[in-house]
Amino acid sequence: MNSAGAKIEKAVDFRYLLKEWKSMFSPSTMPRDIMAGITVAMVALPLNLALAVAAGVDPSIGITTGIVAGFVVALFGGQRYAITGPAAAMAVVLIEIAHTYGLSGIWFVGLIAGLLQIIAGLLRLGRLISYIPMPVIVGFANAIGILVMFNSLGDFFGLPGKVLSNRAEGAHVLGAAPFIPEFIKDVSILFEKVVLHGQANYQAMAIGILVIVLAVLVPRLTKVVPGQLVAIVVASLAAYAFHFDVPRIINVAPIPPIDLLPGLPVFPLNVGPGEFQSLLLYSMTIFMLGSIESLLSASVADGMTMSSRHRADQELFGQGLANIIMPFFGGIPVTGVIARTAVNISAGAKTRLSAIVHSLVLLLMALTLTRLAEQIPLSALAGILVLTGFRLIEWDEIREIWRGSKTEGWVVVITTLAAVAVDLTAGVVAGLLLTCVLFVRQMSSVKMVTEGDDMDERLSAGQLIPSCKFVRTYLVDGPLFFGAVQRFTETILITQDLRALILHMRAVTIMDMTGVETMLSIHAQLRRKGVRLVIAELPGQPLELLRNSGALNVLGAENYFYDYKEALLDVNEKLLTTVCEGCSVGLKGNKSVKDDGPKDCRLRSALLMDNSRLAKILKNRMDRSQKMRTGQFEAIKRDITRLLPVKAEEDIPDALKDTPIATLLKCQNLGQVESSLSDSPELIIGMCIDYRKSLTLPQNCAYVIRRTGANMAGSEFSLALALSAGIKYMALIAHNHCIMSDPHTKREDFVGALTTHHGWTEAEAKRFFDKHASSREISDAIDFSVKEARRLTRLFNGARIVPMMFMLEDNMLYLVKDWVEEELGKDPLVIVEEIEEASAASQN
């Protein structure tokens, strides 16, 4: 439930963007943003070139993509620090599309993926990334790293035959099968060329190794210049100085002048249905990759800055807009990139201006350094990609997951293998399916603890209240759903020689309809065997499901208890008055009962003990039940004509329905505890301090004020304080057998306790009692509750204060007829008739 002051973020919020745009021009942040933009541009330049080559397109397309996409997402994305451009995750898929459909296929796939990202943002699906398990994400990243490294090995070894797609190419450049599904075949081909036929260019390998070494070592020596840029420059100079015969960018695709004028892209419209379906599948893959990496990058930026969190839906919108625009500028699909975003933050970025400066600096370098960039060896770019791929593999997370859980470690392995051997989408799907199977398996391990298990303290009530030999309690620990019902059923139905079975279900947090049907099936089978099924302490969601499905009515409301101890007492009482009457010989007054109970019964042994507290409790309960059945309770006979019982929802007066008073009555009398928690209390309860009164209430639903005899005199400030929170209803609950109805009968005990244990003189104790007893005396509890409710209503006339009676004999709340007639305008006789008619109808 959202608090009143909480604001729901819009999927696409232009007011938020306007505020972000204005912040870019703050004089206090502009210098740091400019320096950060320059730094990240120097890092991005070699990566954009390398990733364009890795994607199978001209290097110039990588630069154009970085310029345009970086600018668009900086303006419209949901993370102010994000740097967007070509990414390694995209490259391993785009090279498949480039080899099969050419650049026009890449444009089509990027356009569809961008539309899907915008739709996902508008539908507020940005937070779904949090539902992808960490082992799947780690396996996904590992696969990308492996594929990036492998796709770069051809250039790293200087193998001939590099082919790139350019703006003029259409579909089926190579006519080859998709790249990744033939991973094993491609590995064998590479092995054959390098090892068997000796086609490796050792000069190219030296350049690649030099780039890797410098890219690792330079950042350890200085942070002023990006290590990858230094590595590319030094390696290119070395190749030129030593006249190395290695493939260079100019040999495969001369870099034309940068053209940022938009144009209409050419899409592969002549493909057949099968090829069109394949392009749509690629679009889904690009959509998933771009969304996952962008949102992960935004989350990483949140953690690094510890500032305001990103807006996931806005980020999807910005990324989708960039991917839709890219085909019109001849670019390739993009994503937010973790590494470049981290560099941006580390360099001191404060606003979106740094990403815009990054694009402008890339444009400046593209205009001035094109001729030099053409001389970069392909093996130098391959070295950058091999290092990038290696760093993409989550080495630390792999060790952590494997140490923590071998099972989840296998999820990482399966995800990685499927993504590498088939494709990235298949890897994610395989990881998710395996995770779901393992989750169901883990959740299906429902634990059944018996009452005799001393290791579980949650059944400690069974030690205080011994149960009959023919009663067994199971503590059900774990969710009860389709994956767990078989073991649950098998465990319960193996029981033998039982009269009652108690399921202590406090630890059952989840139940589905399969669990409901299982409960009903067990109930039916046990009933045929003459075994009573009792349920205790079932939490909110399972209880609400049983109630809404009607299963609770089938199980019987008399077989459900909110307290496990009460369930044990009720089961013992019912057995002692029926089939186990022989064990009740230990109860006073049952001397006529034949002592034929089993000698090994814990309940019988406890009842035979002198001064057994359990014997007293059960004796009182059995006497109470007997008198209630025969109508012998004097208090009930005297007071019941003045009260209105509430035994069904229909008994609640219309004026009180759908109010906190109705909630109280349904909880206490009908056992219908609401499963949802209130954010704040909606009811005030005034009641006596008597320990014999306990109410069943939902959490957080009420303020409870206890005063002797429920006399609120002197508590007016507490009431006003509670009412100031906006509460409109109060239940004023008196009870029968209240000491304050005639406190003078306790004068001798009162004086004796103060003088004997607390150091008072007898005169002081008597004066103190006489002073306060008369002012606190309530005489008739029903009359007093009505008078006190009227007094408080005059004092707080904006609140409805409802007098009630709590009957100790049945733990039920009753409404007062006089108050109902006066306040609600309904003849109590009519109410009684309606109650009797409803009761008769339910019995029929």
# chains A, B, ... in the order shown; residues from 1 in each chain; ligands from 1
>>> residues_around(residues="segment 110-112 of chain A", least_positions_apart="3", cutoff="8 Å", atoms="only C-alpha atoms", output="PyMOL selection string")
chain A and resi 106-107+115-116+280+283+286+323-327+332-333
>>> residues_around(residues="Leu229 of chain A", least_positions_apart="3", cutoff="9 Å", atoms="only C-alpha atoms", output="ChimeraX atom specification")
/A:42-46,215,225-226,232-234
>>> write_last_selection(atoms="N, CA and C atoms", output="PDB file, in the first residue's frame")
ATOM      1  N   MET A  42      37.948   9.318 -24.807  1.00  0.00           N
ATOM      2  CA  MET A  42      39.210   8.679 -25.171  1.00  0.00           C
ATOM      3  C   MET A  42      39.156   7.174 -24.912  1.00  0.00           C
ATOM      4  N   VAL A  43      38.401   6.758 -23.885  1.00  0.00           N
ATOM      5  CA  VAL A  43      38.216   5.334 -23.642  1.00  0.00           C
ATOM      6  C   VAL A  43      37.302   4.720 -24.690  1.00  0.00           C
ATOM      7  N   ALA A  44      36.264   5.473 -25.069  1.00  0.00           N
ATOM      8  CA  ALA A  44      35.248   4.934 -25.980  1.00  0.00           C
ATOM      9  C   ALA A  44      35.741   4.815 -27.414  1.00  0.00           C
ATOM     10  N   LEU A  45      36.672   5.684 -27.852  1.00  0.00           N
ATOM     11  CA  LEU A  45      37.086   5.672 -29.255  1.00  0.00           C
ATOM     12  C   LEU A  45      37.645   4.317 -29.688  1.00  0.00           C
ATOM     13  N   PRO A  46      38.645   3.765 -29.020  1.00  0.00           N
ATOM     14  CA  PRO A  46      39.138   2.459 -29.476  1.00  0.00           C
ATOM     15  C   PRO A  46      38.102   1.346 -29.295  1.00  0.00           C
ATOM     16  N   ALA A 215      47.441  -2.247 -21.847  1.00  0.00           N
ATOM     17  CA  ALA A 215      46.112  -1.900 -21.328  1.00  0.00           C
ATOM     18  C   ALA A 215      45.956  -2.296 -19.862  1.00  0.00           C
ATOM     19  N   VAL A 225      45.784   9.214 -18.518  1.00  0.00           N
ATOM     20  CA  VAL A 225      45.432   8.825 -19.891  1.00  0.00           C
ATOM     21  C   VAL A 225      44.882   7.406 -19.849  1.00  0.00           C
ATOM     22  N   PRO A 226      43.768   7.142 -20.554  1.00  0.00           N
ATOM     23  CA  PRO A 226      43.204   5.777 -20.576  1.00  0.00           C
ATOM     24  C   PRO A 226      44.203   4.762 -21.103  1.00  0.00           C
ATOM     25  N   ILE A 232      46.616   1.235 -27.893  1.00  0.00           N
ATOM     26  CA  ILE A 232      46.334   1.296 -29.333  1.00  0.00           C
ATOM     27  C   ILE A 232      47.373   2.176 -30.038  1.00  0.00           C
ATOM     28  N   VAL A 233      47.665   3.338 -29.437  1.00  0.00           N
ATOM     29  CA  VAL A 233      48.612   4.270 -30.068  1.00  0.00           C
ATOM     30  C   VAL A 233      50.014   3.657 -30.124  1.00  0.00           C
ATOM     31  N   VAL A 234      50.472   3.084 -29.025  1.00  0.00           N
ATOM     32  CA  VAL A 234      51.818   2.506 -28.988  1.00  0.00           C
ATOM     33  C   VAL A 234      51.920   1.324 -29.947  1.00  0.00           C
TER      34      VAL A 234
END
>>> residues_around(residues="Phe796 of chain A", least_positions_apart="4", cutoff="10 Å", atoms="only C-alpha atoms", output="mmCIF file with N, CA and C atoms, in the first residue's frame")
data_model
loop_
_atom_site.group_PDB
_atom_site.id
_atom_site.type_symbol
_atom_site.label_atom_id
_atom_site.label_comp_id
_atom_site.auth_asym_id
_atom_site.auth_seq_id
_atom_site.Cartn_x
_atom_site.Cartn_y
_atom_site.Cartn_z
ATOM 1 N N GLU A 716 -9.040 10.318 29.251
ATOM 2 C CA GLU A 716 -9.566 11.130 28.147
ATOM 3 C C GLU A 716 -8.454 11.656 27.240
ATOM 4 N N LEU A 719 -7.418 8.949 24.897
ATOM 5 C CA LEU A 719 -8.424 8.803 23.841
ATOM 6 C C LEU A 719 -8.285 9.909 22.801
ATOM 7 N N ALA A 720 -8.131 11.143 23.265
ATOM 8 C CA ALA A 720 -8.009 12.269 22.333
ATOM 9 C C ALA A 720 -6.773 12.119 21.460
ATOM 10 N N LEU A 723 -7.600 9.558 18.856
ATOM 11 C CA LEU A 723 -8.564 10.108 17.893
ATOM 12 C C LEU A 723 -7.909 11.115 16.959
ATOM 13 N N LYS A 728 -12.181 6.937 13.865
ATOM 14 C CA LYS A 728 -13.587 7.322 13.988
ATOM 15 C C LYS A 728 -14.409 6.363 14.839
ATOM 16 N N ARG A 790 -22.085 6.740 26.225
ATOM 17 C CA ARG A 790 -22.798 8.008 26.009
ATOM 18 C C ARG A 790 -21.968 9.189 26.503
ATOM 19 N N ARG A 791 -21.292 9.022 27.662
ATOM 20 C CA ARG A 791 -20.457 10.109 28.181
ATOM 21 C C ARG A 791 -19.327 10.441 27.216
ATOM 22 N N LEU A 792 -18.677 9.425 26.720
ATOM 23 C CA LEU A 792 -17.561 9.655 25.793
ATOM 24 C C LEU A 792 -18.049 10.206 24.466
ATOM 25 N N ARG A 800 -17.880 7.310 16.784
ATOM 26 C CA ARG A 800 -18.940 6.372 17.160
ATOM 27 C C ARG A 800 -18.374 5.399 18.187
ATOM 28 N N ILE A 801 -18.901 5.460 19.397
ATOM 29 C CA ILE A 801 -18.407 4.638 20.505
ATOM 30 C C ILE A 801 -19.451 3.578 20.790
#
>>> closest_residue(among="A:Leu670, A:Met712, A:Asn251, A:Val429", to="Ile689 of chain A", atoms="only C-alpha atoms")
A:Met712
>>> closest_residue(among="A:Gly56, A:Val428, A:Glu649, A:Leu526", to="Thr285 of chain A", atoms="only C-alpha atoms")
A:Val428
>>> select_by_dssp(residues="segment 209-361 of chain A", states="helix (DSSP H, G or I)", output="PDB file with C-alpha atoms, in the first residue's frame")
ATOM      1  CA  ILE A 209      49.850  -9.222 -26.779  1.00  0.00           C
ATOM      2  CA  LEU A 210      51.505  -5.792 -26.542  1.00  0.00           C
ATOM      3  CA  VAL A 211      48.072  -4.119 -26.462  1.00  0.00           C
ATOM      4  CA  ILE A 212      46.859  -6.426 -23.678  1.00  0.00           C
ATOM      5  CA  VAL A 213      49.982  -5.865 -21.582  1.00  0.00           C
ATOM      6  CA  LEU A 214      49.868  -2.067 -21.945  1.00  0.00           C
ATOM      7  CA  ALA A 215      46.112  -1.900 -21.328  1.00  0.00           C
ATOM      8  CA  VAL A 216      46.668  -3.726 -18.038  1.00  0.00           C
ATOM      9  CA  LEU A 217      49.837  -1.997 -16.872  1.00  0.00           C
ATOM     10  CA  VAL A 218      49.245   1.671 -17.819  1.00  0.00           C
ATOM     11  CA  PRO A 219      46.261   2.200 -15.451  1.00  0.00           C
ATOM     12  CA  ARG A 220      48.459   0.942 -12.598  1.00  0.00           C
ATOM     13  CA  LEU A 221      51.050   3.621 -13.380  1.00  0.00           C
ATOM     14  CA  GLY A 227      45.312   2.624 -20.790  1.00  0.00           C
ATOM     15  CA  GLN A 228      43.486   1.230 -23.813  1.00  0.00           C
ATOM     16  CA  LEU A 229      44.067   4.415 -25.803  1.00  0.00           C
ATOM     17  CA  VAL A 230      47.773   4.325 -24.914  1.00  0.00           C
ATOM     18  CA  ALA A 231      47.939   0.664 -25.920  1.00  0.00           C
ATOM     19  CA  ILE A 232      46.334   1.296 -29.333  1.00  0.00           C
ATOM     20  CA  VAL A 233      48.612   4.270 -30.068  1.00  0.00           C
ATOM     21  CA  VAL A 234      51.818   2.506 -28.988  1.00  0.00           C
ATOM     22  CA  ALA A 235      50.952  -0.702 -30.849  1.00  0.00           C
ATOM     23  CA  SER A 236      50.108   1.210 -34.038  1.00  0.00           C
ATOM     24  CA  LEU A 237      53.376   3.153 -33.840  1.00  0.00           C
ATOM     25  CA  ALA A 238      55.302  -0.070 -33.238  1.00  0.00           C
ATOM     26  CA  ALA A 239      53.716  -1.755 -36.256  1.00  0.00           C
ATOM     27  CA  TYR A 240      54.533   1.280 -38.404  1.00  0.00           C
ATOM     28  CA  ALA A 241      58.105   1.648 -37.119  1.00  0.00           C
ATOM     29  CA  ILE A 249      41.610  -1.195 -40.714  1.00  0.00           C
ATOM     30  CA  ILE A 250      42.279   0.357 -44.131  1.00  0.00           C
ATOM     31  CA  ASN A 251      42.797  -3.118 -45.614  1.00  0.00           C
ATOM     32  CA  VAL A 252      39.237  -4.231 -44.831  1.00  0.00           C
ATOM     33  CA  PRO A 273       8.653 -16.130 -44.027  1.00  0.00           C
ATOM     34  CA  GLY A 274      11.321 -18.282 -42.377  1.00  0.00           C
ATOM     35  CA  GLU A 275      13.980 -15.593 -42.690  1.00  0.00           C
ATOM     36  CA  PHE A 276      11.549 -12.928 -41.468  1.00  0.00           C
ATOM     37  CA  GLN A 277      10.793 -15.078 -38.414  1.00  0.00           C
ATOM     38  CA  SER A 278      14.524 -15.423 -37.810  1.00  0.00           C
ATOM     39  CA  LEU A 279      14.936 -11.630 -37.909  1.00  0.00           C
ATOM     40  CA  LEU A 280      12.123 -11.234 -35.380  1.00  0.00           C
ATOM     41  CA  LEU A 281      13.859 -13.707 -33.080  1.00  0.00           C
ATOM     42  CA  TYR A 282      17.076 -11.729 -33.421  1.00  0.00           C
ATOM     43  CA  SER A 283      15.069  -8.586 -32.584  1.00  0.00           C
ATOM     44  CA  MET A 284      13.858 -10.210 -29.364  1.00  0.00           C
ATOM     45  CA  THR A 285      17.438 -11.165 -28.507  1.00  0.00           C
ATOM     46  CA  ILE A 286      18.710  -7.618 -29.112  1.00  0.00           C
ATOM     47  CA  PHE A 287      15.777  -6.256 -27.070  1.00  0.00           C
ATOM     48  CA  MET A 288      16.634  -8.542 -24.144  1.00  0.00           C
ATOM     49  CA  LEU A 289      20.384  -7.917 -24.327  1.00  0.00           C
ATOM     50  CA  GLY A 290      20.050  -4.162 -24.645  1.00  0.00           C
ATOM     51  CA  SER A 291      17.497  -3.904 -21.847  1.00  0.00           C
ATOM     52  CA  ILE A 292      19.357  -6.179 -19.426  1.00  0.00           C
ATOM     53  CA  GLU A 293      22.762  -4.571 -19.880  1.00  0.00           C
ATOM     54  CA  SER A 294      21.374  -1.021 -19.846  1.00  0.00           C
ATOM     55  CA  LEU A 295      19.476  -1.561 -16.606  1.00  0.00           C
ATOM     56  CA  LEU A 296      22.396  -3.405 -15.031  1.00  0.00           C
ATOM     57  CA  SER A 297      24.653  -0.514 -16.008  1.00  0.00           C
ATOM     58  CA  ALA A 298      22.182   1.949 -14.465  1.00  0.00           C
ATOM     59  CA  SER A 299      22.069  -0.112 -11.249  1.00  0.00           C
ATOM     60  CA  VAL A 300      25.870  -0.192 -11.070  1.00  0.00           C
ATOM     61  CA  ALA A 301      25.904   3.592 -11.452  1.00  0.00           C
ATOM     62  CA  ASP A 302      23.420   3.874  -8.551  1.00  0.00           C
ATOM     63  CA  GLY A 303      25.757   1.854  -6.363  1.00  0.00           C
ATOM     64  CA  MET A 304      28.854   3.840  -7.358  1.00  0.00           C
ATOM     65  CA  THR A 305      27.306   7.272  -6.777  1.00  0.00           C
ATOM     66  CA  ALA A 312      14.210   2.054 -15.187  1.00  0.00           C
ATOM     67  CA  ASP A 313      11.240   2.748 -17.450  1.00  0.00           C
ATOM     68  CA  GLN A 314      12.663   6.086 -18.560  1.00  0.00           C
ATOM     69  CA  GLU A 315      15.982   4.350 -19.311  1.00  0.00           C
ATOM     70  CA  LEU A 316      14.220   1.779 -21.508  1.00  0.00           C
ATOM     71  CA  PHE A 317      12.474   4.625 -23.337  1.00  0.00           C
ATOM     72  CA  GLY A 318      15.769   6.425 -23.958  1.00  0.00           C
ATOM     73  CA  GLN A 319      17.548   3.284 -25.154  1.00  0.00           C
ATOM     74  CA  GLY A 320      14.606   2.372 -27.375  1.00  0.00           C
ATOM     75  CA  LEU A 321      14.543   5.850 -28.904  1.00  0.00           C
ATOM     76  CA  ALA A 322      18.264   5.602 -29.698  1.00  0.00           C
ATOM     77  CA  ASN A 323      17.860   2.179 -31.319  1.00  0.00           C
ATOM     78  CA  ILE A 324      14.975   3.435 -33.464  1.00  0.00           C
ATOM     79  CA  ILE A 325      17.034   6.432 -34.614  1.00  0.00           C
ATOM     80  CA  MET A 326      20.268   4.539 -35.306  1.00  0.00           C
ATOM     81  CA  PRO A 327      19.246   2.972 -38.677  1.00  0.00           C
ATOM     82  CA  PHE A 328      18.569   6.466 -40.074  1.00  0.00           C
ATOM     83  CA  PHE A 329      22.181   7.413 -39.271  1.00  0.00           C
ATOM     84  CA  ILE A 338      28.898  -0.656 -17.670  1.00  0.00           C
ATOM     85  CA  ALA A 339      32.626  -0.072 -18.231  1.00  0.00           C
ATOM     86  CA  ARG A 340      32.278   3.334 -19.899  1.00  0.00           C
ATOM     87  CA  THR A 341      29.645   4.424 -17.349  1.00  0.00           C
ATOM     88  CA  ALA A 342      32.050   3.486 -14.533  1.00  0.00           C
ATOM     89  CA  VAL A 343      34.838   5.529 -16.175  1.00  0.00           C
ATOM     90  CA  ASN A 344      32.453   8.479 -16.478  1.00  0.00           C
ATOM     91  CA  ILE A 345      31.604   8.386 -12.765  1.00  0.00           C
ATOM     92  CA  SER A 346      35.218   7.844 -11.696  1.00  0.00           C
ATOM     93  CA  LEU A 353      26.436  16.968 -19.723  1.00  0.00           C
ATOM     94  CA  SER A 354      29.397  14.566 -19.467  1.00  0.00           C
ATOM     95  CA  ALA A 355      27.731  12.088 -21.851  1.00  0.00           C
ATOM     96  CA  ILE A 356      26.976  14.882 -24.324  1.00  0.00           C
ATOM     97  CA  VAL A 357      30.582  16.111 -24.136  1.00  0.00           C
ATOM     98  CA  HIS A 358      31.673  12.503 -24.736  1.00  0.00           C
ATOM     99  CA  SER A 359      29.720  12.489 -28.026  1.00  0.00           C
ATOM    100  CA  LEU A 360      31.076  15.874 -29.095  1.00  0.00           C
ATOM    101  CA  VAL A 361      34.676  14.835 -28.378  1.00  0.00           C
TER     102      VAL A 361
END
>>> atom_distance(atom1="atom CA of Leu75 of chain A", atom2="atom CA of Ser23 of chain A")
12.0 Å
>>> atom_distance(atom1="atom CA of Phe108 of chain A", atom2="atom CA of Ala55 of chain A")
15.2 Å
>>> residues_around(residues="Leu732 of chain A", least_positions_apart="4", cutoff="8 Å", atoms="only C-alpha atoms", output="PDB file with C-alpha atoms, in the first residue's frame")
ATOM      1  CA  ILE A 685     -10.559  -0.500  22.110  1.00  0.00           C
ATOM      2  CA  GLY A 686     -11.308   0.369  25.737  1.00  0.00           C
ATOM      3  CA  MET A 687     -11.459  -2.675  27.993  1.00  0.00           C
ATOM      4  CA  ALA A 710     -13.386  -0.411  31.241  1.00  0.00           C
ATOM      5  CA  SER A 785     -20.862   0.324  29.369  1.00  0.00           C
ATOM      6  CA  ALA A 789     -20.261   5.175  25.866  1.00  0.00           C
ATOM      7  CA  ILE A 801     -18.407   4.638  20.505  1.00  0.00           C
ATOM      8  CA  VAL A 802     -20.002   1.205  20.635  1.00  0.00           C
ATOM      9  CA  PRO A 803     -20.592  -0.520  24.027  1.00  0.00           C
ATOM     10  CA  MET A 804     -20.101  -4.284  24.056  1.00  0.00           C
TER      11      MET A 804
END
>>> closest_residue(among="A:Tyr703, A:Phe156, A:Phe150, A:Phe76", to="Leu378 of chain A", atoms="only C-alpha atoms")
A:Phe156
>>> atom_distance(atom1="atom CA of Val531 of chain A", atom2="atom CA of Ala500 of chain A")
5.0 Å
